[in-house]
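File shown: model-v5.tsv. Contents: TSV, C-alpha atoms.
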chain	number	residue	atom	x	y	z
A	34	MET	CA	135.57	85.01	107.47
A	35	THR	CA	138.07	87.30	105.79
A	36	LEU	CA	138.20	91.00	106.57
A	37	ARG	CA	136.66	91.76	103.18
A	38	GLU	CA	133.73	89.42	103.87
A	39	GLN	CA	133.24	90.93	107.30
A	40	HIS	CA	133.18	94.42	105.81
A	41	PHE	CA	130.66	93.33	103.18
A	42	SER	CA	128.46	91.76	105.84
A	43	ASN	CA	128.52	94.98	107.87
A	44	VAL	CA	127.61	97.01	104.79
A	45	LEU	CA	124.73	94.64	104.00
A	46	ARG	CA	123.34	95.12	107.54
A	47	SER	CA	123.61	98.92	107.31
A	48	ARG	CA	120.73	101.37	107.22
A	49	GLY	CA	121.72	102.63	103.78
A	50	VAL	CA	121.40	99.19	102.16
A	51	ALA	CA	118.01	98.68	103.83
A	52	VAL	CA	116.80	101.99	102.38
A	53	LEU	CA	118.16	101.18	98.90
A	54	LEU	CA	116.54	97.73	98.91
A	55	SER	CA	113.24	99.26	100.00
A	56	LEU	CA	113.29	101.98	97.35
A	57	CYS	CA	114.18	99.49	94.61
A	58	ALA	CA	111.42	97.08	95.66
A	59	MET	CA	108.80	99.84	95.89
A	60	TRP	CA	109.76	101.18	92.47
A	61	LEU	CA	109.36	97.70	90.96
A	62	THR	CA	105.91	97.38	92.53
A	63	TRP	CA	104.82	100.78	91.23
A	64	GLN	CA	106.09	99.85	87.75
A	65	SER	CA	104.03	96.66	87.80
A	66	VAL	CA	100.84	98.55	88.64
A	67	ALA	CA	101.48	101.51	86.32
A	68	SER	CA	102.16	99.19	83.37
A	69	GLY	CA	98.97	97.24	84.03
A	70	ARG	CA	100.76	93.91	84.38
A	71	VAL	CA	99.01	93.11	87.68
A	72	SER	CA	95.43	93.71	88.75
A	73	ALA	CA	93.84	94.22	92.14
A	74	PRO	CA	92.58	91.19	94.07
A	75	PRO	CA	88.87	91.02	94.95
A	76	ALA	CA	87.64	93.40	97.64
A	77	PRO	CA	87.65	91.90	101.16
A	78	GLU	CA	84.50	90.79	102.93
A	79	SER	CA	83.44	94.03	104.62
A	80	VAL	CA	81.09	93.90	107.62
A	81	VAL	CA	80.18	97.57	108.13
A	82	PHE	CA	82.45	99.93	106.20
A	83	LYS	CA	83.99	99.76	102.76
A	84	VAL	CA	87.75	99.41	102.65
A	85	GLY	CA	90.51	101.25	100.84
A	86	ARG	CA	90.51	98.99	97.80
A	87	ASP	CA	86.96	100.15	97.07
A	88	TRP	CA	87.89	103.79	97.61
A	89	PHE	CA	90.69	103.73	95.03
A	90	ALA	CA	89.19	101.27	92.55
A	91	ALA	CA	89.35	103.81	89.71
A	92	PHE	CA	92.87	105.08	90.61
A	93	PRO	CA	95.29	102.11	90.63
A	94	GLU	CA	98.45	104.25	90.78
A	95	LEU	CA	97.11	106.21	93.76
A	96	SER	CA	96.10	102.96	95.44
A	97	CYS	CA	99.64	101.66	94.95
A	98	GLU	CA	101.20	104.81	96.38
A	99	VAL	CA	98.93	104.75	99.44
A	100	ASN	CA	99.71	101.11	100.11
A	101	LEU	CA	103.44	101.68	99.75
A	102	VAL	CA	103.14	104.39	102.38
A	103	CYS	CA	101.36	101.84	104.59
A	104	LEU	CA	104.19	99.36	104.07
A	105	VAL	CA	106.73	102.00	105.07
A	106	ALA	CA	104.63	102.65	108.18
A	107	VAL	CA	104.68	98.93	109.00
A	108	ALA	CA	108.46	98.79	108.51
A	109	SER	CA	108.88	101.86	110.75
A	110	MET	CA	106.76	100.23	113.46
A	111	MET	CA	108.92	97.11	113.25
A	112	VAL	CA	112.06	99.21	113.72
A	113	MET	CA	110.55	101.06	116.70
A	114	VAL	CA	109.41	97.82	118.38
A	115	ASN	CA	112.89	96.39	118.00
A	116	LYS	CA	114.48	99.61	119.27
A	117	LEU	CA	112.25	99.89	122.35
A	118	PHE	CA	112.26	96.23	123.41
A	119	ASN	CA	115.57	95.00	121.96
A	120	LEU	CA	113.68	92.18	120.29
A	121	LEU	CA	116.48	91.12	117.94
A	122	ARG	CA	119.39	92.26	120.12
A	123	THR	CA	120.69	94.42	117.29
A	124	MET	CA	120.17	97.98	116.10
A	125	SER	CA	120.46	96.98	112.44
A	126	VAL	CA	117.35	97.83	110.41
A	127	PHE	CA	118.10	95.38	107.63
A	128	PHE	CA	115.06	93.28	108.58
A	129	ALA	CA	112.78	96.25	107.76
A	130	GLY	CA	114.26	96.49	104.26
A	131	PHE	CA	113.89	92.72	103.89
A	132	PHE	CA	110.22	93.08	104.82
A	133	ILE	CA	109.65	95.64	102.05
A	134	VAL	CA	111.35	93.35	99.53
A	135	ALA	CA	109.28	90.35	100.63
A	136	CYS	CA	106.06	92.35	100.26
A	137	CYS	CA	106.94	93.86	96.91
A	138	CYS	CA	107.75	90.49	95.37
A	139	THR	CA	103.97	89.99	95.32
A	140	PRO	CA	102.84	93.18	93.56
A	141	VAL	CA	99.29	91.83	93.29
A	142	VAL	CA	99.05	92.49	97.06
A	143	ALA	CA	101.62	95.23	97.65
A	144	GLY	CA	100.37	97.27	94.70
A	145	TYR	CA	96.88	97.90	96.03
A	146	VAL	CA	95.73	99.27	99.37
A	147	GLY	CA	93.56	96.93	101.40
A	148	THR	CA	93.01	95.33	104.78
A	149	ASP	CA	96.21	93.25	104.51
A	150	SER	CA	98.31	96.32	105.35
A	151	LEU	CA	95.82	97.35	108.03
A	152	LEU	CA	96.13	93.88	109.59
A	153	ALA	CA	99.90	94.29	109.87
A	154	ILE	CA	99.58	97.78	111.38
A	155	VAL	CA	96.91	96.75	113.90
A	156	VAL	CA	98.63	93.53	114.99
A	157	LEU	CA	102.00	95.28	115.36
A	158	ALA	CA	100.34	98.00	117.44
A	159	CYS	CA	98.71	95.32	119.62
A	160	MET	CA	102.02	93.50	119.95
A	161	TRP	CA	103.67	96.79	120.94
A	162	LEU	CA	101.05	97.32	123.66
A	163	MET	CA	101.45	93.74	124.88
A	164	PHE	CA	105.21	94.11	125.16
A	165	SER	CA	104.73	97.25	127.26
A	166	ILE	CA	102.67	95.44	129.92
A	167	TYR	CA	104.99	92.52	130.61
A	168	SER	CA	104.49	91.50	134.25
A	169	GLU	CA	102.82	94.84	135.09
A	170	ARG	CA	100.06	94.92	137.65
A	171	ILE	CA	98.22	97.98	136.33
A	172	CYS	CA	97.61	97.34	132.62
A	173	THR	CA	93.86	97.02	132.08
A	174	ARG	CA	93.62	100.11	129.85
A	175	ARG	CA	96.19	98.83	127.42
A	176	VAL	CA	94.65	95.35	127.40
A	177	CYS	CA	91.27	96.91	126.63
A	178	MET	CA	92.87	98.93	123.83
A	179	VAL	CA	94.39	95.81	122.23
A	180	PHE	CA	91.07	94.02	121.94
A	181	ALA	CA	89.20	97.19	120.96
A	182	LEU	CA	91.62	97.70	118.05
A	183	LEU	CA	91.11	94.17	116.79
A	184	THR	CA	87.33	94.28	117.13
A	185	GLY	CA	87.11	97.76	115.61
A	186	ALA	CA	89.15	96.63	112.61
A	187	ALA	CA	86.77	93.68	112.24
A	188	THR	CA	84.09	96.15	111.12
A	189	LEU	CA	86.16	96.42	107.92
A	190	ASP	CA	87.03	92.74	107.65
A	191	TYR	CA	85.73	90.10	110.04
A	192	HIS	CA	88.90	88.01	109.65
A	193	PHE	CA	90.50	90.30	112.24
A	194	LEU	CA	88.49	88.34	114.81
A	195	LEU	CA	90.77	85.36	114.22
A	196	TYR	CA	93.46	87.18	116.19
A	197	LEU	CA	91.39	87.57	119.36
A	198	PRO	CA	92.32	84.06	120.62
A	199	VAL	CA	95.98	84.78	119.80
A	200	PHE	CA	96.05	87.80	122.09
A	201	PHE	CA	94.12	86.01	124.81
A	202	VAL	CA	97.01	83.51	124.86
A	203	ALA	CA	99.39	86.50	124.83
A	204	LEU	CA	97.96	87.63	128.18
A	205	GLY	CA	99.43	84.51	129.72
A	206	GLN	CA	102.73	84.96	127.92
A	207	MET	CA	103.03	88.50	129.26
A	208	ARG	CA	102.21	87.25	132.78
A	209	VAL	CA	99.12	89.45	133.14
A	210	LEU	CA	96.40	86.79	132.87
A	211	ARG	CA	94.07	87.78	135.73
A	212	PHE	CA	90.36	88.34	136.17
A	213	LYS	CA	90.71	92.12	135.71
A	214	THR	CA	92.64	91.80	132.46
A	215	VAL	CA	90.20	89.23	131.07
A	216	LEU	CA	87.34	91.56	131.96
A	217	ALA	CA	89.19	94.45	130.28
A	218	ALA	CA	89.63	92.30	127.16
A	219	VAL	CA	85.91	91.48	127.09
A	220	LEU	CA	85.03	95.17	127.46
A	221	GLY	CA	87.45	95.98	124.63
A	222	ILE	CA	85.63	93.49	122.40
A	223	VAL	CA	82.18	94.78	123.34
A	224	ALA	CA	82.90	98.54	123.08
A	225	PRO	CA	83.30	98.85	119.26
A	226	LEU	CA	80.30	96.59	118.66
A	227	TRP	CA	78.24	98.63	121.11
A	228	ILE	CA	79.12	101.84	119.27
A	229	VAL	CA	78.51	100.48	115.77
A	230	TYR	CA	75.34	98.49	116.37
A	231	GLY	CA	74.00	100.46	119.34
A	232	ALA	CA	74.17	103.69	117.34
A	233	GLY	CA	72.46	102.00	114.40
A	234	LEU	CA	75.40	102.51	112.04
A	235	ALA	CA	74.85	99.06	110.57
A	236	PRO	CA	72.33	96.21	110.76
A	237	TRP	CA	73.26	93.20	112.85
A	238	PRO	CA	75.41	90.95	110.62
A	239	GLU	CA	74.80	87.33	109.78
A	240	MET	CA	77.14	84.68	111.10
A	241	PRO	CA	79.90	83.87	108.59
A	242	ARG	CA	79.54	80.58	106.77
A	243	PHE	CA	82.41	78.19	106.29
A	244	PHE	CA	82.98	75.98	103.26
A	245	LEU	CA	85.44	73.24	102.34
A	246	THR	CA	87.01	74.22	99.04
A	247	SER	CA	89.23	72.33	96.63
A	248	PRO	CA	92.98	73.13	96.71
A	249	ARG	CA	92.70	73.66	92.95
A	250	LEU	CA	91.20	77.07	93.73
A	251	LEU	CA	94.69	78.19	94.76
A	252	LEU	CA	95.61	78.57	91.10
A	253	GLU	CA	92.54	80.75	90.54
A	254	LEU	CA	93.78	83.37	92.98
A	255	ASN	CA	94.79	86.69	91.48
A	256	GLY	CA	98.46	86.21	90.54
A	257	GLY	CA	98.13	82.50	89.88
A	258	LEU	CA	100.94	80.04	90.44
A	259	PRO	CA	103.72	82.67	90.82
A	260	PHE	CA	101.82	84.36	93.67
A	261	VAL	CA	101.17	81.03	95.41
A	262	ALA	CA	104.83	80.08	94.96
A	263	ALA	CA	105.96	83.39	96.52
A	264	VAL	CA	103.76	82.87	99.57
A	265	GLY	CA	104.81	79.24	99.79
A	266	PHE	CA	108.46	80.32	99.76
A	267	THR	CA	107.77	82.77	102.59
A	268	LEU	CA	106.04	80.05	104.62
A	269	LEU	CA	108.96	77.67	104.08
A	270	LEU	CA	111.47	80.41	104.91
A	271	GLY	CA	109.59	81.34	108.07
A	272	PHE	CA	109.45	77.72	109.24
A	273	SER	CA	113.19	77.30	108.60
A	274	MET	CA	114.07	80.51	110.43
A	275	TRP	CA	111.91	79.58	113.42
A	276	LEU	CA	113.67	76.22	113.71
A	277	LEU	CA	117.11	77.81	113.43
A	278	ASN	CA	116.33	80.57	115.94
A	279	ILE	CA	114.49	78.57	118.58
A	280	LEU	CA	117.64	77.47	120.46
A	281	ARG	CA	118.91	81.04	120.60
A	282	ILE	CA	115.55	82.28	121.87
A	283	LEU	CA	115.54	79.66	124.65
A	284	SER	CA	118.85	81.09	125.90
A	285	PHE	CA	117.32	84.56	126.41
A	286	ASN	CA	116.03	85.82	129.75
A	287	ALA	CA	112.37	85.34	130.71
A	288	ARG	CA	111.19	88.70	129.37
A	289	ASP	CA	112.92	88.33	125.99
A	290	ARG	CA	111.62	84.76	125.69
A	291	ALA	CA	108.10	86.09	126.28
A	292	TYR	CA	108.56	88.79	123.63
A	293	ASN	CA	109.91	86.37	121.03
A	294	GLY	CA	107.31	83.80	122.06
A	295	LEU	CA	104.52	86.24	121.24
A	296	LEU	CA	106.15	87.05	117.92
A	297	LEU	CA	106.42	83.34	117.18
A	298	LEU	CA	102.78	82.79	118.20
A	299	ILE	CA	101.57	85.50	115.81
A	300	GLY	CA	103.71	84.10	113.00
A	301	VAL	CA	102.53	80.52	113.49
A	302	ALA	CA	98.88	81.60	113.76
A	303	THR	CA	99.15	83.70	110.60
A	304	SER	CA	100.77	80.80	108.74
A	305	LEU	CA	98.00	78.42	109.82
A	306	TYR	CA	95.27	80.89	108.89
A	307	ALA	CA	96.90	81.45	105.48
A	308	VAL	CA	97.02	77.69	104.79
A	309	VAL	CA	93.54	76.85	106.09
A	310	ASN	CA	91.84	79.95	104.69
A	311	PHE	CA	93.79	79.88	101.42
A	312	THR	CA	90.98	81.39	99.34
A	313	TYR	CA	91.59	84.60	101.33
A	314	LEU	CA	95.37	84.32	101.15
A	315	PRO	CA	96.23	87.95	100.20
A	316	PHE	CA	94.84	89.15	103.54
A	317	TYR	CA	97.61	87.42	105.51
A	318	VAL	CA	100.60	88.09	103.26
A	319	THR	CA	101.80	91.43	104.68
A	320	LEU	CA	101.69	90.33	108.33
A	321	LEU	CA	103.30	87.01	107.43
A	322	ASN	CA	106.14	88.87	105.72
A	323	ALA	CA	106.63	91.03	108.83
A	324	CYS	CA	106.85	88.00	111.12
A	325	VAL	CA	109.32	86.25	108.82
A	326	ALA	CA	111.41	89.43	108.45
A	327	PHE	CA	111.84	89.58	112.23
A	328	GLN	CA	113.10	85.99	112.21
A	329	VAL	CA	115.46	86.70	109.31
A	330	GLY	CA	116.82	89.70	111.23
A	331	LEU	CA	117.50	87.52	114.28
A	332	PHE	CA	119.13	84.87	112.09
A	333	PHE	CA	121.39	87.44	110.41
A	334	ARG	CA	122.31	88.90	113.79
A	335	TYR	CA	123.83	85.60	114.95
A	336	THR	CA	125.30	84.42	111.65
A	337	ALA	CA	126.83	87.72	110.48
A	338	SER	CA	130.29	86.51	111.52
A	339	ARG	CA	129.77	83.05	109.96
A	340	ARG	CA	129.08	83.98	106.34
A	341	GLY	CA	125.40	84.53	107.00
A	342	TYR	CA	125.40	87.11	104.21
A	343	ILE	CA	125.43	84.23	101.68
A	344	TYR	CA	122.04	82.98	102.86
A	345	ILE	CA	120.65	86.52	102.96
A	346	LEU	CA	121.73	87.18	99.37
A	347	LEU	CA	120.13	83.92	98.27
A	348	MET	CA	116.86	84.94	99.98
A	349	LEU	CA	116.88	88.35	98.32
A	350	ALA	CA	117.67	86.85	94.92
A	351	SER	CA	114.82	84.38	95.35
A	352	TYR	CA	112.34	87.15	96.15
A	353	PHE	CA	113.39	89.29	93.20
A	354	GLY	CA	113.21	86.21	90.96
A	355	LEU	CA	109.68	85.51	92.18
A	356	TYR	CA	108.77	89.13	91.45
A	357	PHE	CA	109.92	88.89	87.82
A	358	TRP	CA	108.16	85.54	87.42
A	359	GLN	CA	104.88	86.97	88.66
A	360	THR	CA	105.15	90.22	86.73
A	361	TYR	CA	106.40	89.00	83.37
A	362	SER	CA	104.97	85.48	83.13

What do you get writing this file as C-alpha cells?
Amino acid sequence: MTLREQHFSNVLRSRGVAVLLSLCAMWLTWQSVASGRVSAPPAPESVVFKVGRDWFAAFPELSCEVNLVCLVAVASMMVMVNKLFNLLRTMSVFFAGFFIVACCCTPVVAGYVGTDSLLAIVVLACMWLMFSIYSERICTRRVCMVFALLTGAATLDYHFLLYLPVFFVALGQMRVLRFKTVLAAVLGIVAPLWIVYGAGLAPWPEMPRFFLTSPRLLLELNGGLPFVAAVGFTLLLGFSMWLLNILRILSFNARDRAYNGLLLLIGVATSLYAVVNFTYLPFYVTLLNACVAFQVGLFFRYTASRRGYIYILLMLASYFGLYFWQTYS
C-alpha cells in the first residue's frame, strides 16, 4: 500500500466517518418514510402485550424516529461490548457505522419501530452478560437474568424463545455449564411466565402452529424482491466474512475464541432462523446486521494494511445501491 492509501484507510476506520455514514443512512431512511415510499410491515405475533409498531401506527414519522434511536442504542451497545471485551482487537468504531448503513438499506424494517430492534438489544445485552461470566464460579444471578430477559421479551413476540437453546449452548462455551447454572436458567425462564400468568395478566396462550409455506411467498413480503435481495446479500456477506475470519479466530486465546464463538453461534442461528422462518424475515434483520457488522469489523482490522478498504467501499456501495432499488423501484 502507498502512504496515501494507508492514510485513506485510517480515515475510513475513524470515528468521524462512522458518524457521517450513520447520519447519512438514517436521513435516507427518514426520507423514505416521510415521503411515503415505504410502508410498515405487518405487526408481529404478540403473546401478551402489543408492540411498538401498534403504538405508533398512526404516526409513521415518529415511529421512524423512535426506531432510529433504537438502532443508535444497538450500535452503542456493540461499541461498548467491543471496548470492554476487546472482541475485534481494535478500538475503531467503523463496524457500528457499517451496522447502521446495513439496517437503513432496508427502510421497510429500519423505518418502523418493532420487535426486530428489541431482539437486537436483548440479545446483545444477553451476550454482554455471558461474556462477563467467562469461567466464573459465582454467576447464577447473571445466568438467570439472561434467560429472564429472553422469556420476558417473548411476551411481546414468542420468536424470542428460539434463542433460549442458543444461550444454553453458550453456557458451555463460557465454561459455566453446571447444575447450578442450569437451574438458574430454568428459574429465569419460569419467573416472567409466573408473573404474567400467575398474576392473571393474560390467559394461557395456545401452542404456536407451524406450517410449510411456498418460497414464492418471499416476494409477497413488504418490500418485495429488493428487500429479499438486501437480506440475501447480508446473508452471503456474513457467510463470506465468517469463512475469512475463522482462521484468525482460531489463533486467539481460549477466552477470545469463546467470545467470538458465541458471536458466531448467534449469527449462524439468526441466519438459519431467517431462512427457515422466511415469512417472518423482518424480525431477524436487525440482529443479523449486527452480527455481520462485527465480522466486517474484524475483517477490516486485519486487512487494513492490505487494501481492505476496497472491499469495504464495495460493500457500502452495494448497500446504498440496494437502498435506492428498494426505495425508488

Neighbour list for Leu268 (chain A) as a list in words, cut-off 9 Å, only C-alpha atoms, skip fewer than 3 positions in-chain: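 Within the cut-off, the hits are Ala263, Val264, Gly265, Gly271, Phe272, Ser273, Ser304, Leu321, Asn322 and Val325 of chain A.
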
How would the residues just chosen look if you wrote them out with C-alpha atoms as a PDB file, in the frame of the given file?
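New file again.pdb:
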ATOM      1  CA  ALA A 263     105.960  83.390  96.520  1.00  0.00           C
ATOM      2  CA  VAL A 264     103.760  82.870  99.570  1.00  0.00           C
ATOM      3  CA  GLY A 265     104.810  79.240  99.790  1.00  0.00           C
ATOM      4  CA  GLY A 271     109.590  81.340 108.070  1.00  0.00           C
ATOM      5  CA  PHE A 272     109.450  77.720 109.240  1.00  0.00           C
ATOM      6  CA  SER A 273     113.190  77.300 108.600  1.00  0.00           C
ATOM      7  CA  SER A 304     100.770  80.800 108.740  1.00  0.00           C
ATOM      8  CA  LEU A 321     103.300  87.010 107.430  1.00  0.00           C
ATOM      9  CA  ASN A 322     106.140  88.870 105.720  1.00  0.00           C
ATOM     10  CA  VAL A 325     109.320  86.250 108.820  1.00  0.00           C
TER      11      VAL A 325
END

Using all atoms listed in the file, which residue out of A:Leu162, A:Ala51, A:Cys177, A:Leu314 lies closest to Val114 (chain A)?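 Looking only at the distances to Val114 (chain A), the closest residue turns out to be A:Leu162.
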
Given the choices A:Gly205, A:Gly330, A:Gly341, A:Gly144, which gets closest to Val112 (chain A) if the distance is worked out from only C-alpha atoms?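 The closest residue to Val112 (chain A) is A:Gly330.
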
Write out as a list of chain:residue names each polymer residue whose atoms come within 10 Å of Thr35 (chain A), counting all atoms listed in the file; drop sequence neighbours fewer than 5 positions from it.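 In the requested format, the answer is A:His40, A:Phe41, A:Ser338, A:Arg340.
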
Residues near Gly221 (chain A), anyone? I mean within 9 Å using all atoms listed in the file, not counting same-chain ones fewer than 3 positions away, as JSON, numbers by chain. {"A": [176, 177, 178, 179, 180, 181, 182, 183, 184, 216, 217, 218, 224, 225]}

Take the point (111.9, 80.9, 108.7) as written in the file and pick out every residue within 10 Å of it, counting all atoms listed in the file; give the list as JSON, numbers by chain. {"A": [266, 267, 268, 269, 270, 271, 272, 273, 274, 275, 276, 277, 278, 300, 324, 325, 326, 327, 328, 329, 332]}

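Taking CA of Ala350 (chain A) and CA of Phe132 (chain A) as endpoints, the distance between them is 13.9 Å.
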
Give me, as JSON lines, each residue of region 58-172 of chain A that comes within 10 Å of region 197-202 of chain A, together with its shortest interatomic pair and the distance in Å at one decimal, counting only C-alpha atoms, with rows ordered by chain and rising residue number.
{"residue": "A:Val156", "atom": "CA", "partner": "A:Phe200", "partner_atom": "CA", "distance": 9.5}
{"residue": "A:Cys159", "atom": "CA", "partner": "A:Phe200", "partner_atom": "CA", "distance": 8.4}
{"residue": "A:Met160", "atom": "CA", "partner": "A:Phe200", "partner_atom": "CA", "distance": 8.5}
{"residue": "A:Met163", "atom": "CA", "partner": "A:Phe200", "partner_atom": "CA", "distance": 8.5}

Export of the given selection (C-alpha atoms) as a compact mmCIF listing (two decimals), in the coordinates of the input:
# COMPACT_ATOMS: atom_id res chain seq x y z
CA VAL A 156 98.63 93.53 114.99
CA CYS A 159 98.71 95.32 119.62
CA MET A 160 102.02 93.50 119.95
CA MET A 163 101.45 93.74 124.88

As a list in words, please: the residues near region 52-64 of chain A (cut-off 9 Å, all atoms listed in the file, same-chain neighbours under 5 positions excluded).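 The residues that qualify are Ser47, Gly69, Arg70, Glu94, Cys97, Glu98, Leu101, Val105, Phe127, Ala129, Gly130, Phe131, Phe132, Ile133, Val134, Ala135, Cys136, Cys137, Cys138, Thr139, Pro140, Val141, Ala143, Gly144, Phe353 and Tyr356 of chain A.
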
Export C-alpha atoms of the chosen residues as a compact mmCIF listing (two decimals), in the frame of the given file?
# COMPACT_ATOMS: atom_id res chain seq x y z
CA SER A 47 123.61 98.92 107.31
CA GLY A 69 98.97 97.24 84.03
CA ARG A 70 100.76 93.91 84.38
CA GLU A 94 98.45 104.25 90.78
CA CYS A 97 99.64 101.66 94.95
CA GLU A 98 101.20 104.81 96.38
CA LEU A 101 103.44 101.68 99.75
CA VAL A 105 106.73 102.00 105.07
CA PHE A 127 118.10 95.38 107.63
CA ALA A 129 112.78 96.25 107.76
CA GLY A 130 114.26 96.49 104.26
CA PHE A 131 113.89 92.72 103.89
CA PHE A 132 110.22 93.08 104.82
CA ILE A 133 109.65 95.64 102.05
CA VAL A 134 111.35 93.35 99.53
CA ALA A 135 109.28 90.35 100.63
CA CYS A 136 106.06 92.35 100.26
CA CYS A 137 106.94 93.86 96.91
CA CYS A 138 107.75 90.49 95.37
CA THR A 139 103.97 89.99 95.32
CA PRO A 140 102.84 93.18 93.56
CA VAL A 141 99.29 91.83 93.29
CA ALA A 143 101.62 95.23 97.65
CA GLY A 144 100.37 97.27 94.70
CA PHE A 353 113.39 89.29 93.20
CA TYR A 356 108.77 89.13 91.45

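Closest approach to His192 (chain A) among A:Asn310, A:Asn115, A:Ser125, A:Asn100: A:Asn310, based on only C-alpha atoms.
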
Å distance separating CA of Leu120 (chain A) from CA of Met34 (chain A), one decimal place: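 So the answer is 26.4 Å.
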
Please provide as a PyMOL selection string all residues within 10 Å of Ile154 (chain A), with the sequence filter that same-chain residues fewer than 2 positions apart are discarded (counting all atoms listed in the file). chain A and resi 103-104+106-108+110-111+148-152+156-160+319-320

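Take the candidates A:Leu355, A:Ile222, A:Ala262, A:Ile282 and check each one against Phe193 (chain A) using only C-alpha atoms; the shortest distance goes to A:Ile222.
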
From CA of Val318 (chain A) to CA of Phe128 (chain A) the spacing works out at 16.3 Å
